[in-house]
Amino acid sequence: MREYQGHEEAYYTKASIGRLKRIPNMNSPLPSDTNSTRYPASIKGVLIHDDKVLLLKNEREEWELPGGKLELGETPEDCLAREIEEETGLDIAVGQILRPYVFYVSDLIPVLILPFHCRCKNFDGIRLSHEHKEIGTFNINRLDQLNLPIGYQNTIRAARERHKL
């Protein structure tokens, strides 16, 4: 779908929940901050059930939270619901955002982590997608025994404390 307003062209995309989102013309002049430092963003979900957290093992042999990258025109919440369904098969409800932070992949590549507390009825029926090597649920009190980056550990503990309130 295209919309013409004067000489400006806009594109629309249909987000996963069916709303139309306006996407600006990507050929328009760039804003003045184009030379600023940029970080890719990764939207992550903390799913806790019966004091266990759902984690996925990546290609670096690290455990991580489910989630991924935003698609054009997608909200962080829509992205997270889509990514978790793709990676685990679970239907989740996205809750409050937790404390964002910058994680360095392999100590080199900065990525802005936007974690959200999520809810699901249980972990029955979880499945492993082609994107990860393993999937599992782990006792929150034993996170330090896993190859799990400290940022994820802190985020999981913060989500548990918030959930208890």
# chains A, B, ... in the order shown; residues from 1 in each chain; ligands from 1
>>> closest_atom_pairs(of="stretch 61-163 of chain A", to="stretch 39-57 of chain A", cutoff="8 Å", atoms="only C-alpha atoms", output="tab-separated table")
residue	atom	partner	partner_atom	distance
A:Glu61	CA	A:Lys57	CA	5.9
A:Glu62	CA	A:Lys57	CA	5.4
A:Trp63	CA	A:Lys57	CA	4.3
A:Glu64	CA	A:Leu56	CA	5.3
A:Leu65	CA	A:Leu55	CA	5.1
A:Pro66	CA	A:Lys44	CA	5.7
A:Gly67	CA	A:Lys44	CA	4.3
A:Gly68	CA	A:Ser42	CA	5.1
A:Lys69	CA	A:Ser42	CA	5.0
A:Leu70	CA	A:Ile43	CA	7.4
A:Pro76	CA	A:Ile43	CA	6.4
A:Cys79	CA	A:Ile43	CA	7.3
A:Leu80	CA	A:Ile43	CA	6.2
A:Ile84	CA	A:Gly45	CA	7.7
A:Val94	CA	A:Gly45	CA	7.8
A:Pro110	CA	A:Tyr39	CA	6.1
A:Val111	CA	A:Pro40	CA	5.1
A:Leu112	CA	A:Ala41	CA	4.6
A:Ile113	CA	A:Ser42	CA	5.0
A:Leu114	CA	A:Ile43	CA	4.8
A:Pro115	CA	A:Lys44	CA	4.5
A:Phe116	CA	A:Gly45	CA	5.0
A:His117	CA	A:Val46	CA	5.0
A:Cys118	CA	A:Leu47	CA	5.3
A:Arg119	CA	A:Leu47	CA	6.0
A:Cys120	CA	A:Leu47	CA	7.1
A:Lys121	CA	A:His49	CA	7.9
A:Asn122	CA	A:His49	CA	6.3
A:Phe123	CA	A:His49	CA	7.4
A:His132	CA	A:Lys57	CA	5.7
A:Lys133	CA	A:Lys57	CA	5.4
A:Glu134	CA	A:Lys57	CA	5.0
A:Ile135	CA	A:Leu56	CA	4.5
A:Gly136	CA	A:Leu55	CA	5.5
A:Thr137	CA	A:Leu54	CA	4.5
A:Phe138	CA	A:Lys52	CA	4.9
A:Asn139	CA	A:Lys52	CA	4.4
A:Ile140	CA	A:Lys52	CA	5.6
A:Thr155	CA	A:Val46	CA	7.9
A:Ile156	CA	A:Val46	CA	6.3
A:Ala159	CA	A:Val46	CA	7.0
A:Arg160	CA	A:Ile48	CA	7.4
>>> select_by_dssp(residues="stretch 15-156 of chain A", states="alpha helix (DSSP H)", output="PDB file with N, CA and C atoms, in the first residue's frame")
ATOM      1  N   PRO A  76       8.385  -3.551  20.044  1.00  0.00           N
ATOM      2  CA  PRO A  76       9.160  -4.522  20.818  1.00  0.00           C
ATOM      3  C   PRO A  76       8.296  -5.652  21.363  1.00  0.00           C
ATOM      4  N   GLU A  77       7.091  -5.343  21.812  1.00  0.00           N
ATOM      5  CA  GLU A  77       6.202  -6.364  22.361  1.00  0.00           C
ATOM      6  C   GLU A  77       5.769  -7.361  21.288  1.00  0.00           C
ATOM      7  N   ASP A  78       5.418  -6.873  20.103  1.00  0.00           N
ATOM      8  CA  ASP A  78       5.048  -7.769  18.998  1.00  0.00           C
ATOM      9  C   ASP A  78       6.229  -8.634  18.583  1.00  0.00           C
ATOM     10  N   CYS A  79       7.417  -8.026  18.541  1.00  0.00           N
ATOM     11  CA  CYS A  79       8.638  -8.755  18.194  1.00  0.00           C
ATOM     12  C   CYS A  79       8.860  -9.898  19.165  1.00  0.00           C
ATOM     13  N   LEU A  80       8.735  -9.617  20.451  1.00  0.00           N
ATOM     14  CA  LEU A  80       9.010 -10.629  21.463  1.00  0.00           C
ATOM     15  C   LEU A  80       8.016 -11.784  21.396  1.00  0.00           C
ATOM     16  N   ALA A  81       6.740 -11.474  21.238  1.00  0.00           N
ATOM     17  CA  ALA A  81       5.731 -12.534  21.131  1.00  0.00           C
ATOM     18  C   ALA A  81       6.017 -13.407  19.912  1.00  0.00           C
ATOM     19  N   ARG A  82       6.377 -12.789  18.779  1.00  0.00           N
ATOM     20  CA  ARG A  82       6.689 -13.533  17.552  1.00  0.00           C
ATOM     21  C   ARG A  82       7.935 -14.390  17.729  1.00  0.00           C
ATOM     22  N   GLU A  83       8.997 -13.789  18.245  1.00  0.00           N
ATOM     23  CA  GLU A  83      10.270 -14.512  18.404  1.00  0.00           C
ATOM     24  C   GLU A  83      10.137 -15.695  19.369  1.00  0.00           C
ATOM     25  N   ILE A  84       9.455 -15.491  20.488  1.00  0.00           N
ATOM     26  CA  ILE A  84       9.319 -16.581  21.456  1.00  0.00           C
ATOM     27  C   ILE A  84       8.478 -17.710  20.874  1.00  0.00           C
ATOM     28  N   GLU A  85       7.443 -17.374  20.122  1.00  0.00           N
ATOM     29  CA  GLU A  85       6.645 -18.428  19.479  1.00  0.00           C
ATOM     30  C   GLU A  85       7.490 -19.179  18.463  1.00  0.00           C
ATOM     31  N   GLU A  86       8.296 -18.466  17.667  1.00  0.00           N
ATOM     32  CA  GLU A  86       9.153 -19.108  16.660  1.00  0.00           C
ATOM     33  C   GLU A  86      10.218 -19.994  17.317  1.00  0.00           C
ATOM     34  N   GLU A  87      10.824 -19.513  18.405  1.00  0.00           N
ATOM     35  CA  GLU A  87      11.936 -20.228  19.024  1.00  0.00           C
ATOM     36  C   GLU A  87      11.524 -21.347  19.973  1.00  0.00           C
ATOM     37  N   THR A  88      10.326 -21.221  20.574  1.00  0.00           N
ATOM     38  CA  THR A  88       9.939 -22.176  21.612  1.00  0.00           C
ATOM     39  C   THR A  88       8.573 -22.815  21.407  1.00  0.00           C
ATOM     40  N   ILE A 150      26.446 -12.637  32.703  1.00  0.00           N
ATOM     41  CA  ILE A 150      26.025 -12.025  33.962  1.00  0.00           C
ATOM     42  C   ILE A 150      24.842 -11.076  33.766  1.00  0.00           C
ATOM     43  N   GLY A 151      24.773 -10.397  32.649  1.00  0.00           N
ATOM     44  CA  GLY A 151      23.642  -9.496  32.383  1.00  0.00           C
ATOM     45  C   GLY A 151      22.321 -10.240  32.369  1.00  0.00           C
ATOM     46  N   TYR A 152      22.302 -11.424  31.750  1.00  0.00           N
ATOM     47  CA  TYR A 152      21.094 -12.247  31.762  1.00  0.00           C
ATOM     48  C   TYR A 152      20.781 -12.727  33.172  1.00  0.00           C
ATOM     49  N   GLN A 153      21.809 -13.127  33.926  1.00  0.00           N
ATOM     50  CA  GLN A 153      21.584 -13.579  35.298  1.00  0.00           C
ATOM     51  C   GLN A 153      20.935 -12.471  36.131  1.00  0.00           C
ATOM     52  N   ASN A 154      21.477 -11.257  36.024  1.00  0.00           N
ATOM     53  CA  ASN A 154      20.925 -10.130  36.785  1.00  0.00           C
ATOM     54  C   ASN A 154      19.495  -9.817  36.356  1.00  0.00           C
ATOM     55  N   THR A 155      19.224  -9.908  35.073  1.00  0.00           N
ATOM     56  CA  THR A 155      17.889  -9.632  34.551  1.00  0.00           C
ATOM     57  C   THR A 155      16.886 -10.668  35.055  1.00  0.00           C
ATOM     58  N   ILE A 156      17.276 -11.932  35.057  1.00  0.00           N
ATOM     59  CA  ILE A 156      16.389 -13.006  35.529  1.00  0.00           C
ATOM     60  C   ILE A 156      16.078 -12.823  37.008  1.00  0.00           C
TER      61      ILE A 156
END
>>> closest_residue(among="A:Gly73, A:Pro100, A:Pro149, A:Gly89", to="A:Leu128", atoms="only C-alpha atoms")
A:Gly89
